[in-house]
>>> print(open('my_file.pdb').read())   # PDB, C-alpha atoms and all ligand atoms
ATOM      1  CA  MET A   1      93.979 107.018  68.971
ATOM      2  CA  ASP A   2      95.996 103.861  69.660
ATOM      3  CA  VAL A   3      96.183 102.277  73.097
ATOM      4  CA  GLY A   4      99.586 103.886  73.868
ATOM      5  CA  GLU A   5      98.210 107.384  73.167
ATOM      6  CA  LYS A   6      95.095 106.575  75.156
ATOM      7  CA  LEU A   7      97.265 105.385  78.069
ATOM      8  CA  ALA A   8      99.344 108.584  78.009
ATOM      9  CA  GLN A   9      96.199 110.697  77.892
ATOM     10  CA  VAL A  10      94.369 108.861  80.690
ATOM     11  CA  PHE A  11      97.493 108.472  82.810
ATOM     12  CA  THR A  12      98.343 112.160  82.756
ATOM     13  CA  HIS A  13      94.814 113.613  82.870
ATOM     14  CA  ALA A  14      92.837 111.272  85.134
ATOM     15  CA  LYS A  15      91.761 112.709  88.480
ATOM     16  CA  ARG A  16      90.197 109.691  90.171
ATOM     17  CA  VAL A  17      92.671 106.831  90.247
ATOM     18  CA  VAL A  18      92.713 103.496  92.062
ATOM     19  CA  VAL A  19      95.618 101.060  92.299
ATOM     20  CA  LEU A  20      95.299  97.444  93.447
ATOM     21  CA  THR A  21      98.472  95.565  94.301
ATOM     22  CA  GLY A  22      99.358  91.967  95.093
ATOM     23  CA  ALA A  23     102.437  90.006  96.096
ATOM     24  CA  GLY A  24     104.184  90.676  92.764
ATOM     25  CA  VAL A  25     104.753  94.323  93.706
ATOM     26  CA  SER A  26     106.986  93.166  96.569
ATOM     27  CA  ALA A  27     108.727  90.387  94.604
ATOM     28  CA  GLU A  28     111.579  92.678  93.595
ATOM     29  CA  SER A  29     112.069  93.529  97.273
ATOM     30  CA  GLY A  30     112.836  89.846  97.834
ATOM     31  CA  ILE A  31     109.501  88.806  99.344
ATOM     32  CA  PRO A  32     108.224  85.531  97.867
ATOM     33  CA  THR A  33     104.858  85.538  96.092
ATOM     34  CA  PHE A  34     102.167  83.040  97.106
ATOM     35  CA  ARG A  35     101.568  80.991  94.038
ATOM     36  CA  GLY A  36     104.054  79.221  91.847
ATOM     37  CA  GLN A  37     107.185  77.367  92.931
ATOM     38  CA  GLU A  38     108.597  80.155  95.064
ATOM     39  CA  GLY A  39     105.347  80.390  97.015
ATOM     40  CA  LEU A  40     106.195  77.155  98.784
ATOM     41  CA  TRP A  41     107.319  77.190 102.414
ATOM     42  CA  LYS A  42     108.873  73.902 103.462
ATOM     43  CA  THR A  43     106.409  71.483 101.842
ATOM     44  CA  TYR A  44     103.324  73.594 102.473
ATOM     45  CA  ARG A  45     101.371  75.742 100.063
ATOM     46  CA  ALA A  46     100.180  79.142 101.275
ATOM     47  CA  GLU A  47      96.593  78.032 100.739
ATOM     48  CA  GLU A  48      97.124  75.265 103.321
ATOM     49  CA  LEU A  49      98.443  77.636 105.991
ATOM     50  CA  ALA A  50      96.364  80.779 105.525
ATOM     51  CA  THR A  51      93.158  79.292 106.921
ATOM     52  CA  PRO A  52      91.420  79.354 110.299
ATOM     53  CA  GLU A  53      91.306  75.540 110.165
ATOM     54  CA  ALA A  54      95.105  75.287 109.826
ATOM     55  CA  PHE A  55      95.519  77.625 112.790
ATOM     56  CA  GLN A  56      93.039  75.655 114.878
ATOM     57  CA  SER A  57      94.762  72.338 114.212
ATOM     58  CA  ASN A  58      98.373  73.577 114.460
ATOM     59  CA  PRO A  59      98.839  77.172 115.682
ATOM     60  CA  THR A  60     102.594  76.701 116.145
ATOM     61  CA  LEU A  61     103.093  75.644 112.515
ATOM     62  CA  VAL A  62     101.096  78.611 111.227
ATOM     63  CA  TRP A  63     102.986  80.996 113.533
ATOM     64  CA  GLU A  64     106.318  79.532 112.350
ATOM     65  CA  TRP A  65     105.316  80.412 108.790
ATOM     66  CA  TYR A  66     104.356  83.951 109.788
ATOM     67  CA  ASP A  67     107.511  84.338 111.872
ATOM     68  CA  TRP A  68     109.579  83.284 108.828
ATOM     69  CA  ARG A  69     107.707  85.800 106.691
ATOM     70  CA  ARG A  70     108.093  88.564 109.302
ATOM     71  CA  GLN A  71     111.835  87.977 109.272
ATOM     72  CA  LYS A  72     111.874  88.206 105.461
ATOM     73  CA  VAL A  73     109.846  91.428 105.461
ATOM     74  CA  HIS A  74     112.018  92.895 108.216
ATOM     75  CA  ALA A  75     115.108  92.333 106.053
ATOM     76  CA  CYS A  76     113.522  93.883 102.923
ATOM     77  CA  ALA A  77     112.988  97.415 101.723
ATOM     78  CA  PRO A  78     110.466  99.001  99.357
ATOM     79  CA  ASN A  79     111.456  98.806  95.688
ATOM     80  CA  PRO A  80     110.989 101.273  92.787
ATOM     81  CA  ALA A  81     107.419 100.010  92.215
ATOM     82  CA  HIS A  82     106.359 100.959  95.758
ATOM     83  CA  PHE A  83     107.978 104.388  95.357
ATOM     84  CA  ALA A  84     106.334 104.964  91.957
ATOM     85  CA  ILE A  85     102.908 104.224  93.480
ATOM     86  CA  ALA A  86     103.635 106.658  96.316
ATOM     87  CA  ARG A  87     104.430 109.291  93.655
ATOM     88  CA  MET A  88     101.048 108.648  92.023
ATOM     89  CA  GLU A  89      99.320 109.520  95.284
ATOM     90  CA  ALA A  90     101.002 112.914  95.231
ATOM     91  CA  TYR A  91     100.095 113.521  91.576
ATOM     92  CA  TYR A  92      96.410 112.578  91.411
ATOM     93  CA  PRO A  93      93.825 114.683  93.267
ATOM     94  CA  GLU A  94      91.731 111.615  94.168
ATOM     95  CA  PHE A  95      93.820 108.538  94.663
ATOM     96  CA  HIS A  96      93.521 105.362  96.668
ATOM     97  CA  LEU A  97      95.687 102.285  96.948
ATOM     98  CA  PHE A  98      94.230  98.922  97.897
ATOM     99  CA  THR A  99      96.785  96.253  98.637
ATOM    100  CA  GLN A 100      96.347  92.565  99.289
ATOM    101  CA  ASN A 101      99.826  92.570 100.811
ATOM    102  CA  VAL A 102     100.362  92.435 104.530
ATOM    103  CA  ASP A 103     104.029  93.468 104.450
ATOM    104  CA  GLY A 104     103.561  97.223 105.049
ATOM    105  CA  LEU A 105     106.067  98.153 102.320
ATOM    106  CA  HIS A 106     103.712 100.639 100.652
ATOM    107  CA  ARG A 107     103.583 102.751 103.810
ATOM    108  CA  ARG A 108     107.331 102.475 104.183
ATOM    109  CA  ALA A 109     107.616 103.886 100.639
ATOM    110  CA  GLY A 110     105.480 106.873 101.616
ATOM    111  CA  SER A 111     101.950 105.828 100.586
ATOM    112  CA  GLN A 112      99.343 107.198 102.973
ATOM    113  CA  LYS A 113      96.017 106.633 101.247
ATOM    114  CA  VAL A 114      96.343 102.886 101.503
ATOM    115  CA  THR A 115      93.950 100.167 102.636
ATOM    116  CA  GLU A 116      95.424  96.787 103.536
ATOM    117  CA  LEU A 117      92.582  94.507 102.492
ATOM    118  CA  HIS A 118      94.088  91.338 103.999
ATOM    119  CA  GLY A 119      95.538  92.832 107.171
ATOM    120  CA  ASN A 120      99.059  93.501 108.390
ATOM    121  CA  ILE A 121     101.782  91.076 109.386
ATOM    122  CA  TRP A 122     102.945  93.259 112.283
ATOM    123  CA  ARG A 123      99.596  93.069 114.089
ATOM    124  CA  MET A 124      98.123  90.215 116.076
ATOM    125  CA  ARG A 125      94.872  89.733 117.910
ATOM    126  CA  CYS A 126      93.618  87.749 120.861
ATOM    127  CA  VAL A 127      91.380  84.893 119.762
ATOM    128  CA  LYS A 128      89.292  85.329 122.929
ATOM    129  CA  GLU A 129      89.036  89.097 123.488
ATOM    130  CA  GLY A 130      89.567  90.241 119.893
ATOM    131  CA  LYS A 131      92.056  92.878 121.090
ATOM    132  CA  VAL A 132      94.499  93.925 118.340
ATOM    133  CA  VAL A 133      98.113  94.805 119.183
ATOM    134  CA  GLU A 134     101.132  95.748 117.143
ATOM    135  CA  ASP A 135     104.158  93.565 117.787
ATOM    136  CA  THR A 136     107.278  94.059 115.700
ATOM    137  CA  ARG A 137     109.586  91.618 117.470
ATOM    138  CA  VAL A 138     111.747  89.589 115.104
ATOM    139  CA  PRO A 139     111.950  86.677 115.687
ATOM    140  CA  LEU A 140     108.868  86.130 117.788
ATOM    141  CA  GLU A 141     109.445  84.135 120.932
ATOM    142  CA  PRO A 142     107.861  82.021 122.264
ATOM    143  CA  LEU A 143     105.660  80.599 119.547
ATOM    144  CA  PRO A 144     102.701  80.698 119.536
ATOM    145  CA  PRO A 145     102.414  84.097 121.256
ATOM    146  CA  LEU A 146      99.869  84.402 124.048
ATOM    147  CA  CYS A 147      97.686  87.299 125.176
ATOM    148  CA  ALA A 148      97.957  88.649 128.734
ATOM    149  CA  CYS A 149      94.623  86.870 129.341
ATOM    150  CA  GLY A 150      96.302  83.541 128.537
ATOM    151  CA  ALA A 151      94.520  82.930 125.221
ATOM    152  CA  LEU A 152      96.281  82.437 121.896
ATOM    153  CA  MET A 153      97.161  85.400 119.742
ATOM    154  CA  ARG A 154      96.620  84.998 115.995
ATOM    155  CA  PRO A 155      97.954  87.062 113.087
ATOM    156  CA  HIS A 156      95.624  90.022 112.386
ATOM    157  CA  ILE A 157      95.235  88.817 108.841
ATOM    158  CA  VAL A 158      92.295  87.797 106.671
ATOM    159  CA  TRP A 159      92.466  84.088 105.942
ATOM    160  CA  PHE A 160      90.499  82.073 103.390
ATOM    161  CA  GLY A 161      86.839  81.831 104.310
ATOM    162  CA  GLU A 162      87.053  84.918 106.553
ATOM    163  CA  ASN A 163      85.349  88.177 105.735
ATOM    164  CA  LEU A 164      87.258  91.297 104.828
ATOM    165  CA  ASP A 165      86.506  94.387 106.913
ATOM    166  CA  PRO A 166      83.120  95.567 105.557
ATOM    167  CA  GLU A 167      84.215  99.230 105.696
ATOM    168  CA  ASP A 168      87.309  98.481 103.620
ATOM    169  CA  LEU A 169      85.203  96.538 101.170
ATOM    170  CA  ASN A 170      82.603  99.286 100.789
ATOM    171  CA  LEU A 171      85.345 101.819 100.165
ATOM    172  CA  ALA A 172      86.959  99.523  97.581
ATOM    173  CA  PHE A 173      83.722  98.800  95.731
ATOM    174  CA  GLY A 174      82.705 102.476  95.792
ATOM    175  CA  LEU A 175      86.028 103.808  94.496
ATOM    176  CA  ALA A 176      86.345 101.039  91.878
ATOM    177  CA  ARG A 177      82.954 102.111  90.498
ATOM    178  CA  GLN A 178      83.838 105.831  90.482
ATOM    179  CA  CYS A 179      87.412 105.931  89.232
ATOM    180  CA  GLU A 180      88.568 106.896  85.749
ATOM    181  CA  LEU A 181      91.754 104.841  85.860
ATOM    182  CA  PHE A 182      92.235 101.508  87.637
ATOM    183  CA  ILE A 183      95.735 100.011  87.723
ATOM    184  CA  THR A 184      96.266  96.429  88.865
ATOM    185  CA  VAL A 185      99.829  95.487  89.768
ATOM    186  CA  GLY A 186     101.408  92.114  90.578
ATOM    187  CA  THR A 187      98.428  89.982  91.449
ATOM    188  CA  SER A 188      97.398  86.617  90.042
ATOM    189  CA  ALA A 189      93.816  87.930  90.385
ATOM    190  CA  VAL A 190      92.431  84.637  91.635
ATOM    191  CA  VAL A 191      91.523  85.606  95.201
ATOM    192  CA  GLN A 192      88.133  87.152  95.764
ATOM    193  CA  PRO A 193      86.803  89.703  96.445
ATOM    194  CA  ALA A 194      89.950  91.701  95.499
ATOM    195  CA  ALA A 195      90.035  90.152  92.009
ATOM    196  CA  SER A 196      86.584  91.564  91.273
ATOM    197  CA  LEU A 197      87.653  95.186  91.776
ATOM    198  CA  PRO A 198      89.306  95.703  88.354
ATOM    199  CA  ILE A 199      86.346  94.045  86.635
ATOM    200  CA  MET A 200      83.952  96.285  88.534
ATOM    201  CA  ALA A 201      85.982  99.337  87.482
ATOM    202  CA  LYS A 202      85.950  98.216  83.856
ATOM    203  CA  GLN A 203      82.190  97.676  83.922
ATOM    204  CA  SER A 204      81.767 101.172  85.357
ATOM    205  CA  GLY A 205      83.693 102.773  82.503
ATOM    206  CA  ALA A 206      87.226 103.162  83.885
ATOM    207  CA  PHE A 207      90.339 102.692  81.779
ATOM    208  CA  THR A 208      91.809  99.519  83.240
ATOM    209  CA  MET A 209      95.369  98.332  83.018
ATOM    210  CA  GLU A 210      97.465  95.669  84.674
ATOM    211  CA  VAL A 211     101.196  95.247  85.175
ATOM    212  CA  ASN A 212     102.435  91.677  85.510
ATOM    213  CA  PRO A 213     105.121  89.524  83.863
ATOM    214  CA  GLU A 214     102.347  87.020  83.021
ATOM    215  CA  TYR A 215      98.802  87.164  81.737
ATOM    216  CA  THR A 216      96.173  86.569  84.422
ATOM    217  CA  PRO A 217      92.512  85.525  84.405
ATOM    218  CA  ILE A 218      91.498  89.212  84.214
ATOM    219  CA  SER A 219      93.838  90.164  81.342
ATOM    220  CA  SER A 220      91.199  89.750  78.657
ATOM    221  CA  TYR A 221      88.952  92.262  80.489
ATOM    222  CA  MET A 222      91.651  94.931  80.767
ATOM    223  CA  ASP A 223      92.122  97.768  78.296
ATOM    224  CA  LEU A 224      95.843  97.207  78.526
ATOM    225  CA  THR A 225      98.196  94.606  79.992
ATOM    226  CA  LEU A 226     101.816  95.673  80.333
ATOM    227  CA  LEU A 227     103.867  92.496  80.554
ATOM    228  CA  GLY A 228     106.905  92.954  82.760
ATOM    229  CA  LYS A 229     108.149  93.649  86.246
ATOM    230  CA  ALA A 230     106.417  96.315  88.305
ATOM    231  CA  GLY A 231     109.746  97.753  89.477
ATOM    232  CA  GLU A 232     110.736  98.399  85.874
ATOM    233  CA  ILE A 233     107.404  99.422  84.319
ATOM    234  CA  LEU A 234     105.930 101.741  86.972
ATOM    235  CA  PRO A 235     108.971 104.073  87.218
ATOM    236  CA  GLU A 236     108.810 104.423  83.406
ATOM    237  CA  LEU A 237     105.076 105.110  83.515
ATOM    238  CA  ILE A 238     105.322 107.937  86.019
ATOM    239  CA  LYS A 239     107.785 109.681  83.712
ATOM    240  CA  LEU A 240     104.628 110.524  81.724
ATOM    241  CA  PHE A 241     103.786 112.989  84.525
ATOM    242  CA  LYS A 242     106.535 115.286  83.267
ATOM    243  CA  VAL A 243     105.154 115.465  79.698
TER     244      VAL A 243
HETATM  245  C1  LIG A 301     104.967  90.243  89.458
HETATM  246  C2  LIG A 301     106.316  90.301  89.676
HETATM  247  C3  LIG A 301     106.907  91.542  89.480
HETATM  248  C4  LIG A 301     105.768  88.300  90.065
HETATM  249  N1  LIG A 301     106.154  92.579  89.104
HETATM  250  N2  LIG A 301     104.241  91.288  89.091
HETATM  251  C5  LIG A 301      84.009  83.710  94.931
HETATM  252  C6  LIG A 301      84.257  82.614  94.134
HETATM  253  C7  LIG A 301      85.095  81.592  94.578
HETATM  254  C8  LIG A 301      85.686  81.637  95.822
HETATM  255  C9  LIG A 301      85.443  82.724  96.607
HETATM  256  C10 LIG A 301      84.611  83.727  96.162
HETATM  257  N3  LIG A 301      84.563  84.685  97.128
HETATM  258  C11 LIG A 301      85.339  84.281  98.157
HETATM  259  C12 LIG A 301      85.873  83.086  97.856
HETATM  260  C13 LIG A 301      86.795  82.300  98.719
HETATM  261  C14 LIG A 301      88.196  82.837  98.762
HETATM  262  C15 LIG A 301      88.803  82.840  97.359
HETATM  263  O1  LIG A 301      88.925  83.845  96.697
HETATM  264  N4  LIG A 301      89.229  81.680  96.898
HETATM  265  C16 LIG A 301      89.838  81.571  95.579
HETATM  266  C17 LIG A 301      91.303  81.164  95.729
HETATM  267  C18 LIG A 301      89.053  80.623  94.756
HETATM  268  N5  LIG A 301      88.217  84.177  99.343
HETATM  269  C19 LIG A 301      88.158  84.363 100.634
HETATM  270  O2  LIG A 301      88.027  83.411 101.395
HETATM  271  C20 LIG A 301      88.181  85.772 101.155
HETATM  272  N6  LIG A 301      87.083  85.931 102.040
HETATM  273  C21 LIG A 301      85.837  86.162 101.617
HETATM  274  O3  LIG A 301      85.587  86.468 100.472
HETATM  275  O4  LIG A 301      84.892  85.989 102.595
HETATM  276  C22 LIG A 301      83.537  85.821 102.177
HETATM  277  C23 LIG A 301      83.343  84.458 101.489
HETATM  278  C24 LIG A 301      84.007  83.344 101.962
HETATM  279  C25 LIG A 301      83.863  82.115 101.319
HETATM  280  C26 LIG A 301      83.044  82.000 100.185
HETATM  281  C27 LIG A 301      82.397  83.143  99.707
HETATM  282  C28 LIG A 301      82.554  84.389 100.375
HETATM  283  C29 LIG A 301      89.434  86.028 101.964
HETATM  284  C30 LIG A 301      90.668  85.981 101.149
HETATM  285  C31 LIG A 301      91.900  86.117 102.042
HETATM  286  C32 LIG A 301      93.183  85.888 101.280
HETATM  287  N7  LIG A 301      94.223  85.677 102.214
HETATM  288  C33 LIG A 301      95.584  85.467 101.700
HETATM  289  C34 LIG A 301      96.543  85.026 102.856
HETATM  290  C35 LIG A 301      96.531  85.931 104.007
HETATM  291  C36 LIG A 301      97.473  87.100 103.849
HETATM  292  C37 LIG A 301      98.911  86.739 104.173
HETATM  293  O5  LIG A 301      99.198  85.903 105.027
HETATM  294  O6  LIG A 301      99.777  87.352 103.535
HETATM  295  O7  LIG A 301      96.069  86.655 101.058
HETATM  296  S1  LIG A 301      95.713  84.222 100.450
HETATM  297  C38 LIG A 301      96.948  85.016  99.516
HETATM  298  O8  LIG A 301      96.407  85.302  98.209
HETATM  299  C39 LIG A 301      97.201  86.367 100.214
HETATM  300  C40 LIG A 301      97.248  87.300  99.042
HETATM  301  O9  LIG A 301      96.960  88.617  99.470
HETATM  302  C41 LIG A 301      96.229  86.728  98.103
HETATM  303  C42 LIG A 301      96.383  87.141  96.667
HETATM  304  O10 LIG A 301      97.592  86.677  96.128
HETATM  305  P1  LIG A 301      98.423  87.618  95.151
HETATM  306  O11 LIG A 301      98.808  88.841  95.847
HETATM  307  O12 LIG A 301      97.693  87.765  93.885
HETATM  308  O13 LIG A 301      99.769  86.756  94.955
HETATM  309  P2  LIG A 301     100.075  85.560  93.948
HETATM  310  O14 LIG A 301     101.276  84.860  94.435
HETATM  311  O15 LIG A 301      98.883  84.725  93.693
HETATM  312  O16 LIG A 301     100.409  86.299  92.568
HETATM  313  C43 LIG A 301     101.572  87.088  92.397
HETATM  314  C44 LIG A 301     101.526  87.706  91.015
HETATM  315  O17 LIG A 301     102.628  88.574  90.900
HETATM  316  C45 LIG A 301     101.642  86.680  89.879
HETATM  317  O18 LIG A 301     100.622  86.951  88.924
HETATM  318  C46 LIG A 301     103.024  86.958  89.273
HETATM  319  O19 LIG A 301     103.064  86.754  87.866
HETATM  320  C47 LIG A 301     103.188  88.423  89.617
HETATM  321  N8  LIG A 301     104.564  88.875  89.718
HETATM  322  N9  LIG A 301     106.747  89.013  90.046
HETATM  323  C48 LIG A 301     104.822  92.372  88.913
HETATM  324  N10 LIG A 301     108.245  91.674  89.649
END
>>> encode(input="my_file.pdb", output="structure tokens")
Amino acid sequence: MDVGEKLAQVFTHAKRVVVLTGAGVSAESGIPTFRGQEGLWKTYRAEELATPEAFQSNPTLVWEWYDWRRQKVHACAPNPAHFAIARMEAYYPEFHLFTQNVDGLHRRAGSQKVTELHGNIWRMRCVKEGKVVEDTRVPLEPLPPLCACGALMRPHIVWFGENLDPEDLNLAFGLARQCELFITVGTSAVVQPAASLPIMAKQSGAFTMEVNPEYTPISSYMDLTLLGKAGEILPELIKLFKV
């Protein structure tokens, strides 16, 4: 059986399926990815802004970046890749989507079994009380936003050096180890611990595939890398459901 036949067989017959997405899945919606030239905002790299240290030294600058991103997300809509993943949830009896994206586009496309590993851009939390609130104002004024208690609000987002929610992580590790099919879409697979999930799935016996226009550091571990755009490849893949 060649890899194409194997893909068709696993894709149509698997019951336990996990999908991991990154910024590339939203690229065709018009949301910039993090790395590479288009990941730049003004002269800053995402890695310089998405840290607790950056927020501590210049909360207004970090909030300006998030406000700019919130405006972008607000103006964008889910693309065919988001909708194809939502269709997978309806097809597979045991399905879960883990996304590193904070843009909420998967839910807007209809996904329900979704865990946002790095948080959500529409939530903020008080640095003093830890209270989390949803705030969808676009643009946000004034910057930085303050809590009713007078303390700074920060984006409810996981920055570098911060821990992911342990419950989310346990769920992700557990399902990665149990699934039969693990599909990685649109991530450079350099940020841990998310980048370990496909490897974990592979080591536990799952069929692993990734969808990305470029090879990534995990490509050599995958059973199959489909080179191309998620919004073009995933809608083609789910046509296999009809076979
Ligand atoms: C397309 C496409 C199309 C384009 N179709 N595809 C172990 C070893 C070394 C370091 C660490 C380690 N464990 C933890 C760390 C530290 C750190 C880390 O991983 N650093 C590495 C960079 C080296 N991790 C953390 O700090 C994490 N915390 C943690 O683990 O705590 C415990 C701990 C701490 C310290 C040491 C050890 C343990 C937290 C990570 C939080 C990440 N946060 C960010 C920003 C916040 C969210 C936000 O504001 O949006 O999350 S960083 C940024 O990167 C963002 C993303 O979710 C994340 C991943 O990026 P992603 O999604 O892969 O995007 P890109 O741009 O990199 O790639 C896009 C891809 O799409 C490309 O491949 C394109 O080709 C492709 N593409 N168009 C399909 N149309």
>>> atom_distance(input="my_file.pdb", atom1="CA of Pro235 (chain A)", atom2="atom C47 of ligand LIG 301 (chain A)")
16.9 Å
>>> residues_around(input="my_file.pdb", residues="Ala151 (chain A)", least_positions_apart="3", cutoff="12 Å", atoms="all atoms listed in the file", output="PyMOL selection string")
chain A and resi 59+125-131+144-148+154
>>> residues_near_ligand(input="my_file.pdb", ligand="ligand LIG 301 (chain A)", cutoff="8 Å", atoms="only C-alpha atoms and all ligand atoms", output="mmCIF file with C-alpha atoms, keeping the file's coordinate frame")
data_model
loop_
_atom_site.group_PDB
_atom_site.id
_atom_site.type_symbol
_atom_site.label_atom_id
_atom_site.label_comp_id
_atom_site.auth_asym_id
_atom_site.auth_seq_id
_atom_site.Cartn_x
_atom_site.Cartn_y
_atom_site.Cartn_z
ATOM 1 C CA THR A 21 98.472 95.565 94.301
ATOM 2 C CA GLY A 22 99.358 91.967 95.093
ATOM 3 C CA ALA A 23 102.437 90.006 96.096
ATOM 4 C CA GLY A 24 104.184 90.676 92.764
ATOM 5 C CA VAL A 25 104.753 94.323 93.706
ATOM 6 C CA SER A 26 106.986 93.166 96.569
ATOM 7 C CA ALA A 27 108.727 90.387 94.604
ATOM 8 C CA GLU A 28 111.579 92.678 93.595
ATOM 9 C CA PRO A 32 108.224 85.531 97.867
ATOM 10 C CA THR A 33 104.858 85.538 96.092
ATOM 11 C CA PHE A 34 102.167 83.040 97.106
ATOM 12 C CA ARG A 35 101.568 80.991 94.038
ATOM 13 C CA GLY A 36 104.054 79.221 91.847
ATOM 14 C CA GLY A 39 105.347 80.390 97.015
ATOM 15 C CA ALA A 46 100.180 79.142 101.275
ATOM 16 C CA GLU A 47 96.593 78.032 100.739
ATOM 17 C CA ALA A 50 96.364 80.779 105.525
ATOM 18 C CA THR A 51 93.158 79.292 106.921
ATOM 19 C CA TYR A 66 104.356 83.951 109.788
ATOM 20 C CA THR A 99 96.785 96.253 98.637
ATOM 21 C CA GLN A 100 96.347 92.565 99.289
ATOM 22 C CA ASN A 101 99.826 92.570 100.811
ATOM 23 C CA VAL A 102 100.362 92.435 104.530
ATOM 24 C CA ASP A 103 104.029 93.468 104.450
ATOM 25 C CA LEU A 117 92.582 94.507 102.492
ATOM 26 C CA HIS A 118 94.088 91.338 103.999
ATOM 27 C CA GLY A 119 95.538 92.832 107.171
ATOM 28 C CA ASN A 120 99.059 93.501 108.390
ATOM 29 C CA ILE A 121 101.782 91.076 109.386
ATOM 30 C CA ILE A 157 95.235 88.817 108.841
ATOM 31 C CA VAL A 158 92.295 87.797 106.671
ATOM 32 C CA TRP A 159 92.466 84.088 105.942
ATOM 33 C CA PHE A 160 90.499 82.073 103.390
ATOM 34 C CA GLY A 161 86.839 81.831 104.310
ATOM 35 C CA GLU A 162 87.053 84.918 106.553
ATOM 36 C CA ASN A 163 85.349 88.177 105.735
ATOM 37 C CA LEU A 164 87.258 91.297 104.828
ATOM 38 C CA VAL A 185 99.829 95.487 89.768
ATOM 39 C CA GLY A 186 101.408 92.114 90.578
ATOM 40 C CA THR A 187 98.428 89.982 91.449
ATOM 41 C CA SER A 188 97.398 86.617 90.042
ATOM 42 C CA ALA A 189 93.816 87.930 90.385
ATOM 43 C CA VAL A 190 92.431 84.637 91.635
ATOM 44 C CA VAL A 191 91.523 85.606 95.201
ATOM 45 C CA GLN A 192 88.133 87.152 95.764
ATOM 46 C CA PRO A 193 86.803 89.703 96.445
ATOM 47 C CA ALA A 194 89.950 91.701 95.499
ATOM 48 C CA ALA A 195 90.035 90.152 92.009
ATOM 49 C CA VAL A 211 101.196 95.247 85.175
ATOM 50 C CA ASN A 212 102.435 91.677 85.510
ATOM 51 C CA PRO A 213 105.121 89.524 83.863
ATOM 52 C CA GLU A 214 102.347 87.020 83.021
ATOM 53 C CA TYR A 215 98.802 87.164 81.737
ATOM 54 C CA THR A 216 96.173 86.569 84.422
ATOM 55 C CA GLY A 228 106.905 92.954 82.760
ATOM 56 C CA LYS A 229 108.149 93.649 86.246
ATOM 57 C CA ALA A 230 106.417 96.315 88.305
ATOM 58 C CA GLY A 231 109.746 97.753 89.477
#
>>> atom_distance(input="my_file.pdb", atom1="CA of Ala77 (chain A)", atom2="CA of Thr208 (chain A)")
28.2 Å
>>> atom_distance(input="my_file.pdb", atom1="CA of Val62 (chain A)", atom2="CA of Asp168 (chain A)")
25.4 Å
>>> closest_residue(input="my_file.pdb", among="A:Val18, A:Leu140, A:Met88, A:Ala54", to="Trp68 (chain A)", atoms="only C-alpha atoms")
A:Leu140
>>> residues_around(input="my_file.pdb", residues="Leu7 (chain A)", least_positions_apart="6", cutoff="12 Å", atoms="all atoms listed in the file", output="PyMOL selection string")
chain A and resi 1+13-14+180-183+206-210+223-226+237-238+240-241
>>> write_last_selection(input="my_file.pdb", atoms="C-alpha atoms", output="short mmCIF file (atom, residue, chain, number, x, y, z; two decimals), keeping the file's coordinate frame")
data_model
loop_
_atom_site.label_atom_id
_atom_site.label_comp_id
_atom_site.auth_asym_id
_atom_site.auth_seq_id
_atom_site.Cartn_x
_atom_site.Cartn_y
_atom_site.Cartn_z
CA MET A 1 93.98 107.02 68.97
CA HIS A 13 94.81 113.61 82.87
CA ALA A 14 92.84 111.27 85.13
CA GLU A 180 88.57 106.90 85.75
CA LEU A 181 91.75 104.84 85.86
CA PHE A 182 92.24 101.51 87.64
CA ILE A 183 95.74 100.01 87.72
CA ALA A 206 87.23 103.16 83.88
CA PHE A 207 90.34 102.69 81.78
CA THR A 208 91.81 99.52 83.24
CA MET A 209 95.37 98.33 83.02
CA GLU A 210 97.46 95.67 84.67
CA ASP A 223 92.12 97.77 78.30
CA LEU A 224 95.84 97.21 78.53
CA THR A 225 98.20 94.61 79.99
CA LEU A 226 101.82 95.67 80.33
CA LEU A 237 105.08 105.11 83.52
CA ILE A 238 105.32 107.94 86.02
CA LEU A 240 104.63 110.52 81.72
CA PHE A 241 103.79 112.99 84.52
#
>>> closest_residue(input="my_file.pdb", among="A:Glu167, A:Asp135, A:Glu53, A:Asp67", to="Trp41 (chain A)", atoms="all atoms listed in the file")
A:Asp67
>>> closest_residue(input="my_file.pdb", among="A:Trp63, A:Phe83, A:Trp122, A:Tyr92", to="Val10 (chain A)", atoms="only C-alpha atoms")
A:Tyr92
>>> residues_around(input="my_file.pdb", residues="Ala176 (chain A)", least_positions_apart="4", cutoff="8 Å", atoms="all atoms listed in the file", output="count of residues only")
8
>>> resolve_selection(input="my_file.pdb", expression="the PyMOL selection byres (((chain A and resi 86) around 8) and not hetatm)", output="list in words")
His82, Phe83, Ala84, Ile85, Arg87, Met88, Glu89, Ala90, His106, Ala109, Gly110, Ser111 and Gln112 of chain A
>>> closest_residue(input="my_file.pdb", among="A:Leu169, A:Leu227, A:Pro52, A:His74", to="His156 (chain A)", atoms="only C-alpha atoms")
A:Pro52
>>> closest_residue(input="my_file.pdb", among="A:Val3, A:Ala75, A:Ile31, A:Leu20", to="Ile199 (chain A)", atoms="all atoms listed in the file")
A:Leu20
